[in-house]
Amino acid sequence: MIDSKDLTNRYEEIKRNIVNRNMKVNLDEIINLQSKRLELLHAVEDLRTQRNQNALKMKGKLDNTEREKLLALGRELKDKISENEELLSNVEKQYISGLRQIPNYAHKDAPVGKEDKDNTAVKYVGKPTAFSFKPKDHIQLGEELDIMDFDTATKVSGPKFYYLKNEAVLLQMALERYALDIVMKHGFTPMITPDVAKEEILEGIGFNPRGEESNIYTLEGTGTALVGTAEITLGGYFSGKVFNKEELPVKLTGLSHCFRREAGAAGQYSKGLYRVHQFSKLEMFIFCLPEESDSYHEKLLSIEEEIFGGLDLPYRVVDTCTGDLGAPAYRKYDIEAWMPGRGENGDYGEVTSTSNCTDYQARNLNIKFKDSDGKTQYVHMLNGTAVAVSRAMVAVLENNQTADGKVIIPKALVPYMGIKEIKKK
RNA sequence: GGAGAUGUACCGCAGUGGUCUAACGGGGCUGACUCGAAAUCAGCUUAGGUGUAAGCCUACGUGGGUUCAAAUCCCACCAUCUCCGCCA
């Protein structure tokens, strides 16, 4: 969430930002709750002071009438306190949940727009792959090469699940290891993270585990959920932590499964491996000083480009518009790879995403650093995809197919796979 | 899953109803002594909220309860350790 003091200090800016992000938040009501909360807090604190002083008077020996008087007052205060505390806690809950609805500020250069159409392509690398034949999509390739099985997965697990077989298994592991080596080279600590997280962590990162809109699978009765990304477990890793200034930046990279409900997602653009309930992803995460987060964000993007560019795949970089940012993000870049089997004649499809969430998540998760003068401030937190295996696989297979139905393995992956091509059995 | 023990501030640990404003020790910081260091001595050293400020309020694993008053008593839960059972 944002700093509660900003509600009045930066009122106009917050209001404009909510509009730019195409969100509906009743800011005035939240401000109203804030002052109501403060009023009740003062009342409760005043009553507690009276209670404490009254109790203090009863320490020593007292005569009976005096004692009875103090006891009566104590009882009266006790009732008043619990009455007011209940009011306070109700108002507080509403206030906090309102405060959490307010999105992060947006970077001044983030394009203003309502939906993904308004995202700005800032860079093109390579040209859409040209074929002398009609290219197949990855689903057809996967079946013909006997490396994927969607139908059986639907029978066993339901729609939007998949089995990988044979070379696709090697390809998944090769992609993970290839990306891991690059990310480690940049000083990230490798981790394999839990695939389950507590709801308070999910919410701190900015995911809503509850409700129809939620993209998260909750584990009933446990207070936990399956993670949609290792961003959750990497970001939650330091919840409650106070860093010394010299300890920053901390750079982590985590490999995890990712589970997403994707309720209602269907159609041409979601087929096959592109949108699935479960996939594997290597995620990068940085905790840093506020003044450094913009430059680390650029750094995360450049690592993503190094990974994707290294596979010789055509892609573009997109600067995400305000309406498409997601509440915690201050700025977000996506890499969209060319996918020849997407849509009628091929299209770009998102393969990575990197966000600078500034102090928005840190305030929820209480992650700070101690300045040289001993003051504490919230850290800035950034995340970025190193490789989302299923989507990377779509791009690799579809771009590297040949007229005779084979797939040529990108040079960078050959050492990790031990083979140069995938052909029919 | 069963039995027992433990959970207190950066670390260790004391505290079984009211000066707990959380002792004591370690560590850290500042200063004195010293050419400098060690040793020694003195002082400081949890976080959040609220208030112009003095101050006040909150937090002793978490959540409830009892009481005029809870680190302390009661209930539930969580975590850690030891032993047993099961298990990749």
# chains A, B, ... in the order shown; residues from 1 in each chain; ligands from 1
>>> interface_residues(of="chain B", to="chain A", cutoff="9 Å", atoms="only C-alpha atoms (C1' of nucleotides)", output="count of residues only")
6
>>> residues_around(residues="B:C78", least_positions_apart="2", cutoff="12 Å", atoms="only C-alpha atoms (C1' of nucleotides)", output="VMD selection string")
chain B and resid 7 61 to 63 76 80
>>> write_last_selection(atoms="N, CA and C atoms (P, O5', C5', C4', C3', O3' and C1' of nucleotides)", output="compact mmCIF listing (two decimals), in the first residue's frame")
# COMPACT_ATOMS: atom_id res chain seq x y z
P G B 7 10.41 -20.17 27.79
O5' G B 7 10.29 -19.70 26.28
C5' G B 7 11.47 -19.38 25.54
C4' G B 7 11.09 -18.98 24.13
C3' G B 7 10.35 -17.64 24.03
O3' G B 7 10.80 -16.93 22.89
C1' G B 7 9.04 -19.37 23.08
P G B 61 5.87 -14.35 24.51
O5' G B 61 5.61 -14.52 22.96
C5' G B 61 6.61 -14.14 22.00
C4' G B 61 6.17 -14.59 20.63
C3' G B 61 4.71 -14.31 20.33
O3' G B 61 4.53 -13.02 19.80
C1' G B 61 5.19 -16.58 19.86
P U B 62 3.18 -12.25 20.04
O5' U B 62 2.13 -13.07 19.18
C5' U B 62 2.08 -12.97 17.76
C4' U B 62 0.86 -13.68 17.25
C3' U B 62 -0.45 -13.25 17.90
O3' U B 62 -0.98 -12.07 17.32
C1' U B 62 -0.33 -15.60 17.86
P G B 63 -1.92 -11.14 18.22
O5' G B 63 -3.25 -11.99 18.37
C5' G B 63 -4.03 -12.30 17.23
C4' G B 63 -5.17 -13.21 17.61
C3' G B 63 -6.02 -12.73 18.77
O3' G B 63 -6.94 -11.74 18.37
C1' G B 63 -5.53 -15.02 19.05
P A B 76 -7.18 -25.99 25.66
O5' A B 76 -7.20 -25.26 24.24
C5' A B 76 -8.35 -25.36 23.40
C4' A B 76 -8.21 -24.43 22.22
C3' A B 76 -6.99 -24.66 21.35
O3' A B 76 -7.16 -25.72 20.44
C1' A B 76 -7.20 -22.35 21.80
P U B 80 8.93 -25.55 13.06
O5' U B 80 9.95 -25.46 14.27
C5' U B 80 11.08 -24.59 14.19
C4' U B 80 11.78 -24.58 15.52
C3' U B 80 12.25 -25.93 16.03
O3' U B 80 13.47 -26.33 15.44
C1' U B 80 11.16 -24.79 17.77
>>> residues_around(residues="B:C13", least_positions_apart="5", cutoff="10 Å", atoms="only C-alpha atoms (C1' of nucleotides)", output="PyMOL selection string")
chain B and resi 8+24-25
>>> write_last_selection(atoms="C-alpha atoms (C1' of nucleotides)", output="PDB file, in the first residue's frame")
ATOM      1  C1'   U B   8      10.922 -12.295  26.734  1.00  0.00           C
ATOM      2  C1'   C B  24      21.542  -9.209  34.456  1.00  0.00           C
ATOM      3  C1'   G B  25      25.346 -10.769  30.868  1.00  0.00           C
TER       4        G B  25
END
>>> select_by_dssp(residues="stretch 33-63 of chain A", states="helix (DSSP H, G or I)", output="list of chain:residue names")
A:Leu33, A:Gln34, A:Ser35, A:Lys36, A:Arg37, A:Leu38, A:Glu39, A:Leu40, A:Leu41, A:His42, A:Ala43, A:Val44, A:Glu45, A:Asp46, A:Leu47, A:Arg48, A:Thr49, A:Gln50, A:Arg51, A:Asn52, A:Gln53, A:Asn54, A:Ala55, A:Leu56, A:Lys57
>>> residues_around(residues="A:Trp338", least_positions_apart="2", cutoff="6 Å", atoms="only C-alpha atoms (C1' of nucleotides)", output="compact mmCIF listing (two decimals) with C-alpha atoms, in the first residue's frame")
# COMPACT_ATOMS: atom_id res chain seq x y z
CA PRO A 314 12.62 -12.18 -32.43
CA TYR A 315 11.02 -10.05 -29.73
CA ASP A 347 1.79 -12.47 -33.34
CA TYR A 348 3.86 -11.25 -30.44
